[in-house]
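Asker: So here's upload-v9.json, just JSON, C-alpha atoms:
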[["chain", "number", "residue", "atom", "x", "y", "z"],
["E", 26, "MET", "CA", -17.57, 11.74, 0.78],
["E", 27, "GLY", "CA", -14.24, 11.26, 2.54],
["E", 28, "ASN", "CA", -12.62, 13.73, 4.89],
["E", 29, "LYS", "CA", -13.40, 17.01, 3.12],
["E", 30, "LYS", "CA", -12.18, 19.53, 5.66],
["E", 31, "ASP", "CA", -11.56, 23.14, 4.76],
["E", 32, "SER", "CA", -7.83, 23.41, 4.05],
["E", 33, "GLU", "CA", -7.74, 26.81, 5.79],
["E", 34, "SER", "CA", -8.71, 25.16, 9.08],
["E", 35, "LEU", "CA", -5.85, 22.68, 8.91],
["E", 36, "PRO", "CA", -2.47, 23.42, 10.54],
["E", 37, "ASP", "CA", 0.40, 24.43, 8.30],
["E", 38, "PHE", "CA", 2.95, 21.70, 7.69],
["E", 39, "HIS", "CA", 6.25, 22.07, 9.49],
["E", 40, "LYS", "CA", 9.41, 20.13, 8.75],
["E", 41, "ASN", "CA", 9.50, 17.90, 11.81],
["E", 42, "PRO", "CA", 5.91, 17.29, 12.87],
["E", 43, "PRO", "CA", 5.33, 15.30, 16.07],
["E", 44, "LYS", "CA", 4.72, 11.58, 15.68],
["E", 45, "LEU", "CA", 1.05, 10.72, 15.54],
["E", 46, "ASP", "CA", -0.51, 9.12, 18.59],
["E", 47, "LYS", "CA", -0.84, 5.40, 17.83],
["E", 48, "LYS", "CA", -4.44, 5.04, 19.00],
["E", 49, "ALA", "CA", -5.57, 8.18, 17.16],
["E", 50, "TYR", "CA", -3.75, 6.98, 14.03],
["E", 51, "GLU", "CA", -5.29, 3.52, 14.11],
["E", 52, "LYS", "CA", -8.79, 4.88, 14.69],
["E", 53, "GLU", "CA", -8.57, 7.34, 11.80],
["E", 54, "LEU", "CA", -6.92, 4.78, 9.53],
["E", 55, "LYS", "CA", -9.80, 2.35, 10.08],
["E", 56, "ARG", "CA", -12.32, 5.10, 9.29],
["E", 57, "LEU", "CA", -10.51, 6.00, 6.09],
["E", 58, "GLN", "CA", -10.16, 2.37, 5.05],
["E", 59, "ALA", "CA", -13.91, 1.96, 5.46],
["E", 60, "GLU", "CA", -14.33, 4.93, 3.11],
["E", 61, "LEU", "CA", -11.93, 3.29, 0.64],
["E", 62, "VAL", "CA", -14.24, 0.28, 0.62],
["E", 63, "ASN", "CA", -17.12, 2.64, -0.19],
["E", 64, "LEU", "CA", -15.02, 4.21, -2.94],
["E", 65, "GLN", "CA", -14.30, 0.82, -4.47],
["E", 66, "GLN", "CA", -17.97, -0.14, -4.36],
["E", 67, "TRP", "CA", -18.80, 3.09, -6.22],
["E", 68, "VAL", "CA", -16.09, 2.36, -8.79],
["E", 69, "VAL", "CA", -17.46, -1.14, -9.39],
["E", 70, "GLU", "CA", -21.11, -0.04, -9.56],
["E", 71, "THR", "CA", -20.55, 2.96, -11.84],
["E", 72, "GLY", "CA", -17.80, 1.50, -14.02],
["E", 73, "ALA", "CA", -15.38, 4.25, -13.06],
["E", 74, "ARG", "CA", -11.64, 3.85, -13.62],
["E", 75, "VAL", "CA", -9.03, 5.03, -11.14],
["E", 76, "VAL", "CA", -5.26, 5.22, -11.63],
["E", 77, "ILE", "CA", -3.04, 6.12, -8.68],
["E", 78, "VAL", "CA", 0.64, 6.83, -9.38],
["E", 79, "MET", "CA", 2.93, 6.47, -6.36],
["E", 80, "GLU", "CA", 6.39, 7.94, -6.82],
["E", 81, "GLY", "CA", 9.18, 9.19, -4.57],
["E", 82, "ARG", "CA", 12.63, 8.42, -3.32],
["E", 83, "ASP", "CA", 13.61, 4.97, -2.13],
["E", 84, "ALA", "CA", 12.30, 4.23, 1.39],
["E", 85, "ALA", "CA", 9.96, 7.24, 1.24],
["E", 86, "GLY", "CA", 6.96, 5.19, 2.40],
["E", 87, "LYS", "CA", 5.18, 4.44, -0.89],
["E", 88, "GLY", "CA", 4.91, 0.71, -0.26],
["E", 89, "SER", "CA", 3.51, 0.98, 3.25],
["E", 90, "ALA", "CA", 0.95, 3.55, 2.08],
["E", 91, "ILE", "CA", -0.14, 1.26, -0.77],
["E", 92, "LYS", "CA", -0.46, -1.61, 1.71],
["E", 93, "ARG", "CA", -2.86, 0.41, 3.88],
["E", 94, "ILE", "CA", -4.87, 1.58, 0.88],
["E", 95, "THR", "CA", -5.44, -1.94, -0.45],
["E", 96, "GLN", "CA", -5.67, -3.78, 2.89],
["E", 97, "TYR", "CA", -9.46, -4.21, 2.83],
["E", 98, "LEU", "CA", -10.16, -3.76, -0.88],
["E", 99, "ASN", "CA", -11.38, -6.58, -3.09],
["E", 100, "PRO", "CA", -8.34, -7.67, -5.15],
["E", 101, "ARG", "CA", -10.61, -8.61, -8.04],
["E", 102, "SER", "CA", -11.16, -4.93, -8.82],
["E", 103, "ALA", "CA", -8.15, -3.28, -7.17],
["E", 104, "ARG", "CA", -4.62, -4.24, -8.11],
["E", 105, "ILE", "CA", -1.05, -3.07, -7.68],
["E", 106, "GLU", "CA", 1.30, -2.82, -10.64],
["E", 107, "ALA", "CA", 5.05, -2.80, -9.95],
["E", 108, "LEU", "CA", 6.62, -3.47, -13.30],
["E", 109, "PRO", "CA", 10.10, -5.04, -13.44],
["E", 110, "THR", "CA", 12.95, -4.00, -15.71],
["E", 111, "PRO", "CA", 11.64, -4.00, -19.29],
["E", 112, "SER", "CA", 12.33, -7.10, -21.37],
["E", 113, "SER", "CA", 14.19, -6.94, -24.67],
["E", 114, "ARG", "CA", 10.83, -6.96, -26.48],
["E", 115, "GLU", "CA", 9.45, -4.15, -24.32],
["E", 116, "LYS", "CA", 12.57, -2.09, -24.93],
["E", 117, "GLY", "CA", 11.69, -2.17, -28.62],
["E", 118, "GLN", "CA", 8.18, -0.84, -28.01],
["E", 119, "TRP", "CA", 6.87, 2.67, -27.52],
["E", 120, "TYR", "CA", 7.92, 3.55, -23.96],
["E", 121, "PHE", "CA", 4.36, 3.90, -22.61],
["E", 122, "GLN", "CA", 3.11, 0.71, -24.26],
["E", 123, "ARG", "CA", 3.74, -1.70, -21.40],
["E", 124, "TYR", "CA", 2.01, 0.66, -18.97],
["E", 125, "ILE", "CA", -1.04, 1.01, -21.21],
["E", 126, "GLU", "CA", -1.55, -2.75, -20.95],
["E", 127, "LYS", "CA", -1.90, -2.36, -17.16],
["E", 128, "LEU", "CA", -4.48, 0.44, -17.20],
["E", 129, "PRO", "CA", -7.85, -0.31, -15.59],
["E", 130, "THR", "CA", -10.98, -1.44, -17.32],
["E", 131, "ALA", "CA", -14.39, -0.23, -16.15],
["E", 132, "GLY", "CA", -14.86, -0.82, -12.43],
["E", 133, "GLU", "CA", -11.17, -1.11, -11.54],
["E", 134, "ILE", "CA", -8.62, 0.70, -9.38],
["E", 135, "VAL", "CA", -4.97, 0.37, -10.38],
["E", 136, "ILE", "CA", -2.10, 1.59, -8.21],
["E", 137, "PHE", "CA", 1.29, 1.97, -9.86],
["E", 138, "ASP", "CA", 4.08, 1.35, -7.36],
["E", 139, "ARG", "CA", 6.47, 3.39, -9.48],
["E", 140, "SER", "CA", 5.32, 4.07, -12.99],
["E", 141, "TRP", "CA", 6.25, 5.53, -16.35],
["E", 142, "TYR", "CA", 8.08, 8.19, -14.35],
["E", 143, "ASN", "CA", 11.00, 5.78, -13.98],
["E", 144, "ARG", "CA", 12.29, 7.41, -17.14],
["E", 145, "ALA", "CA", 12.38, 10.85, -15.53],
["E", 146, "GLY", "CA", 13.98, 9.51, -12.35],
["E", 147, "VAL", "CA", 16.21, 6.47, -12.08],
["E", 148, "GLU", "CA", 16.70, 6.05, -15.83],
["E", 149, "ARG", "CA", 17.74, 9.68, -16.21],
["E", 150, "VAL", "CA", 20.06, 9.74, -13.18],
["E", 151, "MET", "CA", 21.66, 6.32, -13.74],
["E", 152, "GLY", "CA", 22.05, 6.79, -17.48],
["E", 153, "PHE", "CA", 19.66, 4.01, -18.51],
["E", 154, "CYS", "CA", 18.12, 6.16, -21.25],
["E", 155, "THR", "CA", 19.54, 8.54, -23.79],
["E", 156, "SER", "CA", 19.11, 12.30, -23.60],
["E", 157, "GLN", "CA", 16.81, 12.11, -26.62],
["E", 158, "GLU", "CA", 14.63, 9.44, -24.96],
["E", 159, "TYR", "CA", 14.46, 11.53, -21.79],
["E", 160, "ARG", "CA", 13.42, 14.71, -23.64],
["E", 161, "ARG", "CA", 10.86, 12.77, -25.65],
["E", 162, "PHE", "CA", 9.38, 11.43, -22.40],
["E", 163, "LEU", "CA", 9.04, 14.90, -20.86],
["E", 164, "HIS", "CA", 7.21, 15.99, -24.01],
["E", 165, "GLN", "CA", 4.95, 12.94, -24.30],
["E", 166, "ALA", "CA", 4.04, 12.29, -20.65],
["E", 167, "PRO", "CA", 1.67, 15.28, -20.33],
["E", 168, "ILE", "CA", 0.03, 14.37, -23.64],
["E", 169, "PHE", "CA", -0.36, 10.77, -22.55],
["E", 170, "GLU", "CA", -1.91, 11.77, -19.22],
["E", 171, "ARG", "CA", -4.27, 14.30, -20.80],
["E", 172, "LEU", "CA", -5.58, 11.49, -23.02],
["E", 173, "LEU", "CA", -6.20, 9.30, -19.97],
["E", 174, "VAL", "CA", -8.09, 12.05, -18.18],
["E", 175, "GLU", "CA", -10.06, 13.04, -21.31],
["E", 176, "ASP", "CA", -11.15, 9.42, -21.60],
["E", 177, "GLY", "CA", -12.63, 9.59, -18.10],
["E", 178, "ILE", "CA", -9.89, 8.02, -15.98],
["E", 179, "HIS", "CA", -9.46, 9.48, -12.49],
["E", 180, "LEU", "CA", -5.69, 10.00, -12.39],
["E", 181, "ARG", "CA", -3.91, 10.91, -9.15],
["E", 182, "LYS", "CA", -0.13, 11.38, -8.92],
["E", 183, "TYR", "CA", 1.61, 11.40, -5.55],
["E", 184, "TRP", "CA", 5.24, 12.17, -4.77],
["E", 185, "PHE", "CA", 6.43, 10.94, -1.36],
["E", 186, "SER", "CA", 9.04, 13.32, 0.00],
["E", 187, "VAL", "CA", 11.58, 12.31, 2.65],
["E", 188, "SER", "CA", 14.78, 13.91, 3.95],
["E", 189, "ASP", "CA", 18.21, 12.43, 3.34],
["E", 190, "GLU", "CA", 18.66, 11.81, 7.08],
["E", 191, "GLU", "CA", 15.39, 9.89, 7.34],
["E", 192, "GLN", "CA", 16.16, 7.90, 4.22],
["E", 193, "ILE", "CA", 19.51, 6.78, 5.64],
["E", 194, "SER", "CA", 17.80, 5.83, 8.90],
["E", 195, "ARG", "CA", 15.28, 3.68, 7.04],
["E", 196, "PHE", "CA", 18.01, 2.05, 4.98],
["E", 197, "GLN", "CA", 19.80, 1.13, 8.19],
["E", 198, "ASP", "CA", 16.58, -0.30, 9.65],
["E", 199, "ARG", "CA", 16.12, -2.46, 6.56],
["E", 200, "LEU", "CA", 19.70, -3.65, 6.70],
["E", 201, "SER", "CA", 19.29, -4.82, 10.29],
["E", 202, "ASP", "CA", 15.90, -6.49, 9.71],
["E", 203, "PRO", "CA", 16.07, -9.88, 7.92],
["E", 204, "LEU", "CA", 12.37, -9.63, 7.04],
["E", 205, "ARG", "CA", 12.82, -6.35, 5.16],
["E", 206, "ARG", "CA", 16.38, -6.66, 3.93],
["E", 207, "TRP", "CA", 15.15, -7.70, 0.49],
["E", 208, "LYS", "CA", 13.83, -4.16, 0.02],
["E", 209, "LEU", "CA", 17.37, -2.79, 0.03],
["E", 210, "SER", "CA", 18.81, -3.09, -3.48],
["E", 211, "PRO", "CA", 22.21, -2.02, -4.84],
["E", 212, "MET", "CA", 20.33, 0.68, -6.77],
["E", 213, "ASP", "CA", 18.93, 2.03, -3.50],
["E", 214, "LEU", "CA", 22.41, 2.33, -2.04],
["E", 215, "GLN", "CA", 23.70, 4.07, -5.15],
["E", 216, "SER", "CA", 20.95, 6.65, -4.78],
["E", 217, "ILE", "CA", 22.62, 7.85, -1.55],
["E", 218, "THR", "CA", 25.59, 9.19, -3.50],
["E", 219, "LYS", "CA", 23.33, 10.80, -6.14],
["E", 220, "TRP", "CA", 20.92, 12.65, -3.85],
["E", 221, "GLU", "CA", 21.27, 16.01, -5.62],
["E", 222, "ASP", "CA", 21.07, 14.39, -9.05],
["E", 223, "TYR", "CA", 17.73, 12.86, -8.09],
["E", 224, "SER", "CA", 16.61, 16.22, -6.69],
["E", 225, "ARG", "CA", 17.38, 17.95, -9.98],
["E", 226, "ALA", "CA", 15.64, 15.20, -11.95],
["E", 227, "LYS", "CA", 12.53, 15.48, -9.75],
["E", 228, "ASP", "CA", 12.45, 19.27, -10.12],
["E", 229, "GLU", "CA", 12.73, 18.99, -13.92],
["E", 230, "MET", "CA", 10.03, 16.31, -13.96],
["E", 231, "PHE", "CA", 7.63, 18.54, -12.03],
["E", 232, "ILE", "CA", 8.26, 21.49, -14.34],
["E", 233, "HIS", "CA", 7.20, 19.49, -17.40],
["E", 234, "THR", "CA", 4.53, 17.12, -16.01],
["E", 235, "ASP", "CA", 2.70, 19.06, -13.28],
["E", 236, "ILE", "CA", -0.25, 19.96, -15.48],
["E", 237, "PRO", "CA", -3.75, 21.19, -14.51],
["E", 238, "SER", "CA", -5.51, 18.02, -15.66],
["E", 239, "ALA", "CA", -2.99, 15.73, -13.93],
["E", 240, "PRO", "CA", -1.17, 17.65, -11.16],
["E", 241, "TRP", "CA", 1.43, 16.31, -8.78],
["E", 242, "TYR", "CA", 0.61, 16.14, -5.07],
["E", 243, "THR", "CA", 3.53, 16.01, -2.65],
["E", 244, "VAL", "CA", 3.16, 13.85, 0.45],
["E", 245, "GLU", "CA", 5.50, 14.81, 3.28],
["E", 246, "SER", "CA", 6.67, 11.44, 4.59],
["E", 247, "GLU", "CA", 9.06, 12.01, 7.50],
["E", 248, "ASP", "CA", 6.40, 10.31, 9.63],
["E", 249, "LYS", "CA", 4.97, 7.31, 7.76],
["E", 250, "LYS", "CA", 1.79, 7.17, 9.82],
["E", 251, "ARG", "CA", 1.06, 10.82, 9.10],
["E", 252, "SER", "CA", 1.74, 10.37, 5.39],
["E", 253, "ARG", "CA", -0.64, 7.40, 5.16],
["E", 254, "ILE", "CA", -3.48, 9.33, 6.76],
["E", 255, "ASN", "CA", -2.79, 12.36, 4.55],
["E", 256, "VAL", "CA", -2.57, 10.54, 1.22],
["E", 257, "ILE", "CA", -5.68, 8.41, 1.81],
["E", 258, "SER", "CA", -7.66, 11.43, 3.02],
["E", 259, "HIS", "CA", -6.59, 13.43, -0.03],
["E", 260, "LEU", "CA", -7.43, 10.62, -2.44],
["E", 261, "LEU", "CA", -10.92, 10.28, -0.98],
["E", 262, "SER", "CA", -11.51, 14.04, -1.06],
["E", 263, "THR", "CA", -10.62, 14.39, -4.75],
["E", 264, "ILE", "CA", -12.74, 11.61, -6.24],
["E", 265, "PRO", "CA", -16.48, 12.41, -6.39],
["E", 266, "TYR", "CA", -17.68, 9.02, -5.18],
["E", 267, "GLU", "CA", -20.90, 8.30, -3.34],
["E", 268, "LYS", "CA", -21.75, 5.57, -0.89],
["E", 269, "ILE", "CA", -23.66, 2.81, -2.61],
["E", 270, "ASP", "CA", -26.34, 1.38, -0.33],
["E", 271, "ARG", "CA", -26.77, -2.28, -1.07],
["E", 272, "PRO", "CA", -29.11, -4.57, 0.85],
["E", 273, "LEU", "CA", -27.23, -7.00, 3.06],
["E", 274, "PRO", "CA", -27.51, -10.59, 1.86],
["E", 275, "GLU", "CA", -29.33, -13.04, 4.08],
["E", 276, "ILE", "CA", -27.48, -16.16, 5.15],
["E", 277, "PRO", "CA", -29.86, -19.09, 4.56],
["E", 278, "GLU", "CA", -30.35, -21.80, 7.13],
["E", 279, "ARG", "CA", -28.64, -25.05, 6.32],
["E", 280, "PRO", "CA", -31.26, -27.67, 5.34],
["E", 281, "ASN", "CA", -31.51, -30.88, 7.28],
["E", 282, "PRO", "CA", -29.52, -33.63, 5.60],
["E", 283, "ASP", "CA", -31.81, -35.91, 3.64],
["E", 284, "THR", "CA", -29.18, -38.22, 2.23],
["E", 285, "ASP", "CA", -27.24, -41.15, 3.59],
["E", 286, "TYR", "CA", -23.91, -39.40, 3.08],
["E", 287, "GLU", "CA", -21.19, -40.42, 5.51],
["E", 288, "ARG", "CA", -17.85, -38.71, 5.68],
["E", 289, "PRO", "CA", -14.92, -41.07, 5.00],
["E", 290, "PRO", "CA", -12.69, -41.94, 7.98],
["E", 291, "ARG", "CA", -10.11, -39.26, 8.84],
["E", 292, "ASP", "CA", -7.22, -41.68, 8.42],
["E", 293, "GLU", "CA", -7.93, -41.82, 4.69],
["E", 294, "PHE", "CA", -6.83, -38.18, 4.30],
["E", 295, "ARG", "CA", -3.50, -36.43, 4.61],
["E", 296, "TYR", "CA", -3.62, -33.66, 7.21],
["E", 297, "VAL", "CA", -1.17, -30.85, 7.80],
["E", 298, "PRO", "CA", 0.60, -31.50, 11.13],
["E", 299, "ASP", "CA", -0.65, -29.37, 14.01],
["E", 300, "VAL", "CA", 2.65, -27.64, 14.61],
["E", 301, "ALA", "CA", 0.76, -24.74, 16.18],
["E", 302, "ALA", "CA", -0.05, -26.99, 19.13],
["E", 303, "HIS", "CA", 3.52, -26.52, 20.36],
["E", 304, "LEU", "CA", 2.76, -22.83, 20.80],
["E", 305, "GLU", "CA", 0.24, -23.76, 23.48],
["E", 306, "GLU", "CA", 2.52, -26.05, 25.47],
["E", 307, "ASP", "CA", 3.86, -23.35, 27.75],
["E", 308, "ARG", "CA", 0.41, -21.93, 28.42],
["E", 309, "ILE", "CA", -1.07, -25.37, 29.14],
["E", 310, "GLU", "CA", 1.78, -26.20, 31.50],
["E", 311, "ALA", "CA", 1.29, -22.87, 33.26],
["E", 312, "VAL", "CA", -2.45, -23.59, 33.70],
["E", 313, "LYS", "CA", -1.69, -27.06, 35.08],
["E", 314, "GLN", "CA", 0.87, -25.66, 37.48],
["E", 315, "GLU", "CA", -1.58, -23.00, 38.63],
["E", 316, "LYS", "CA", -4.19, -25.69, 39.39],
["E", 317, "LYS", "CA", -1.62, -27.72, 41.32],
["E", 318, "ASP", "CA", -0.63, -24.68, 43.34],
["E", 319, "LYS", "CA", -4.27, -23.94, 44.18],
["E", 320, "LYS", "CA", -4.87, -27.52, 45.34],
["E", 321, "ALA", "CA", -1.72, -27.46, 47.44],
["E", 322, "SER", "CA", -2.77, -24.16, 48.95],
["E", 323, "LYS", "CA", -6.22, -25.54, 49.86],
["E", 324, "LYS", "CA", -4.70, -28.62, 51.48],
["E", 325, "GLU", "CA", -2.35, -26.45, 53.46],
["E", 326, "LYS", "CA", -5.23, -24.31, 54.72],
["E", 327, "LYS", "CA", -7.27, -27.40, 55.72],
["E", 328, "GLY", "CA", -4.26, -28.79, 57.61],
["E", 329, "LYS", "CA", -3.91, -25.57, 59.58],
["E", 330, "LYS", "CA", -7.61, -25.59, 60.51],
["E", 331, "LYS", "CA", -7.42, -29.17, 61.85],
["E", 332, "ALA", "CA", -4.35, -28.29, 63.89]]
Written as structure tokens, how would this file's structure read?
Answerer:
Amino acid sequence: MGNKKDSESLPDFHKNPPKLDKKAYEKELKRLQAELVNLQQWVVETGARVVIVMEGRDAAGKGSAIKRITQYLNPRSARIEALPTPSSREKGQWYFQRYIEKLPTAGEIVIFDRSWYNRAGVERVMGFCTSQEYRRFLHQAPIFERLLVEDGIHLRKYWFSVSDEEQISRFQDRLSDPLRRWKLSPMDLQSITKWEDYSRAKDEMFIHTDIPSAPWYTVESEDKKRSRINVISHLLSTIPYEKIDRPLPEIPERPNPDTDYERPPRDEFRYVPDVAAHLEEDRIEAVKQEKKDKKASKKEKKGKKKA
């Protein structure tokens, strides 16, 4: 299922691809989201387990891609895990322990919005872990992931890649937008001055953790719309799901009331004020004015005819 096109027929990626046409993007996104619903239905029916790791630089487009992936999925069997800074208790545990608790049970999809790879990225660059802890992670991560895959989990790891110029541009957009300003943390701003350090950390991470059973897939994310289409299409093409045909439920007719039930008077309940009505005031006034103008125009025409 999914969009399984021959990779040889696809155009080679170039650094600054043209922005996707909005209508073409929206049409393809809807098609892919419908396939994601089919994928989830297969996961639920077969008891499969799916883990999707989303990593990348700050403002690389991970969050917006996750939003499109989960937009029409049933949250009962698809969830997002974005773990906060570990507590004092969690710091005393095996590093992977708090992530193990978030792994899916049968019939679930779990998306990690950043994951155990924090240790190979921000913790390494910002000095939040020791050199010994870092080396131990690079040794254990492939072992940990092999165990997940051997146990039947479908594990997909995506790295969202963005240029330094585009990252700065997105930071500036967030800074000027009150609705998205919360996304810009002091840690994000510090990452600007440590661009090459993060690059080295990412390269080292790939060397040790890009393994055959759990490879890394890079998502070029200069254009967010393009990256969303590409990552969803790739995800669908790499999981061997099938469309589950289920009979549509029939909506029964409501039976005729055979009781003497009467709804209590409205004034006995507390209702939320209809603030939205104010949004219609301008439109209603415009309609009234239009009617007045039409009447005045008709009268004027009648007066001319009589004259």
Asker: Could you pull the residues within 12 Å of Phe153 of chain E, counting only C-alpha atoms, minus those fewer than 3 positions along the same chain, as a list in words?
Answerer: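 Here the qualifying residues turn out to be Thr110, Pro111, Lys116, Asn143, Arg144, Ala145, Gly146, Val147, Glu148, Arg149, Val150, Ser156, Gln157, Glu158 and Tyr159 of chain E.
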Asker: For atom CA of Pro237 of chain E and atom CA of Arg251 of chain E, determine how far apart the two atoms are, in Å to one decimal place.
Answerer: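 Interatomic distance, atom CA of Pro237 of chain E to atom CA of Arg251 of chain E: 26.2 Å.
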Asker: Just give me the gap between atom CA of Pro298 of chain E and atom CA of Lys316 of chain E in Å, one decimal is fine.
Answerer: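 Here the two named atoms are 29.2 Å from each other.
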Asker: List every protein, DNA or RNA residue with an atom no more than 12 Å from (11.0, -1.5, -9.8) in the file's coordinates, counting only C-alpha atoms, and format the result as a PyMOL selection string.
Answerer: chain E and resi 79-80+82-83+88+106-111+137-144+146-148+208-210+212-213
Asker: With all atoms listed in the file as the basis for distance, which of E:Thr155, E:Asp202, E:Phe169, E:Leu98 is at the shortest distance from Tyr124 of chain E?
Answerer: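 Residue with the minimum atom-to-atom distance to Tyr124 of chain E: E:Phe169.
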Asker: Just the residues within 10 Å of Asn255 of chain E, please, counting only C-alpha atoms, with nothing from its chain fewer than 6 positions along; format it as a list in words.
Answerer: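 Close residues of Asn255 of chain E: Asn28, Leu54, Ala90, Val244, Glu245, Ser246 and Lys249 of chain E.
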Asker: At a cut-off of 12 Å from (1.6, 11.3, 6.0) in the coordinates of the file, what residues are picked up using all atoms listed in the file, written as a ChimeraX atom specification?
Answerer: /E:38,41-45,50,54,85-87,89-90,93,183-187,243-259
Asker: Please indicate the distance in Å from atom CA of Ala73 of chain E to atom CA of Gly132 of chain E, rounded to one decimal place.
Answerer: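 Separation of atom CA of Ala73 of chain E and atom CA of Gly132 of chain E: 5.1 Å.
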Asker: Name the closest residue to Ile217 of chain E among the candidates E:Ala301, E:Leu172, E:Ala84, E:Ile136; distances are taken between atoms, counting only C-alpha atoms.
Answerer: E:Ala84
Asker: Identify which of the residues E:Leu180, E:Val68, E:Leu163, E:Val312 lies closest to Lys227 of chain E, counting only C-alpha atoms when measuring atom-to-atom distances.
Answerer: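 So, comparing all the options, the nearest one is E:Leu163.
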Asker: Let me make sure I understand: among E:Asp285, E:Gln197, E:Glu133, E:Glu267, which one has the smallest atom-to-atom distance to Ile105 of chain E if we use only C-alpha atoms?
Answerer: E:Glu133
Asker: List the spatial neighbours of Trp67 of chain E as number ranges by chain - criterion: any atom at most 12 Å away, all atoms listed in the file, same-chain residues fewer than 5 positions off excluded.
Answerer: E: 26, 60-62, 72-75, 102, 131-134, 261, 264-271
Asker: If you take every atom of segment 160-176 of chain E that the file lists and fit an axis-aligned box around them with 6 Å extra on each side, what centre and edge lengths come out in Å to one decimal, as lines of an AutoDock Vina configuration file?
Answerer:
center_x = 1.1
center_y = 12.6
center_z = -21.9
size_x = 36.6
size_y = 18.7
size_z = 19.5
Asker: In terms of the shortest atom-to-atom distance over all atoms listed in the file, which of E:Arg161, E:His179, E:Arg123, E:Lys55 is closest to Val135 of chain E?
Answerer: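 Of E:Arg161, E:His179, E:Arg123, E:Lys55, the one nearest Val135 of chain E is E:His179, counting all atoms listed in the file.
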Asker: I'd like the neighbourhood of Trp241 of chain E as number ranges by chain, where a residue qualifies if any of its atoms comes within 10 Å (using only C-alpha atoms), though same-chain residues fewer than 5 positions away should be ignored.
Answerer: E: 78, 80, 181-184, 231, 234-236
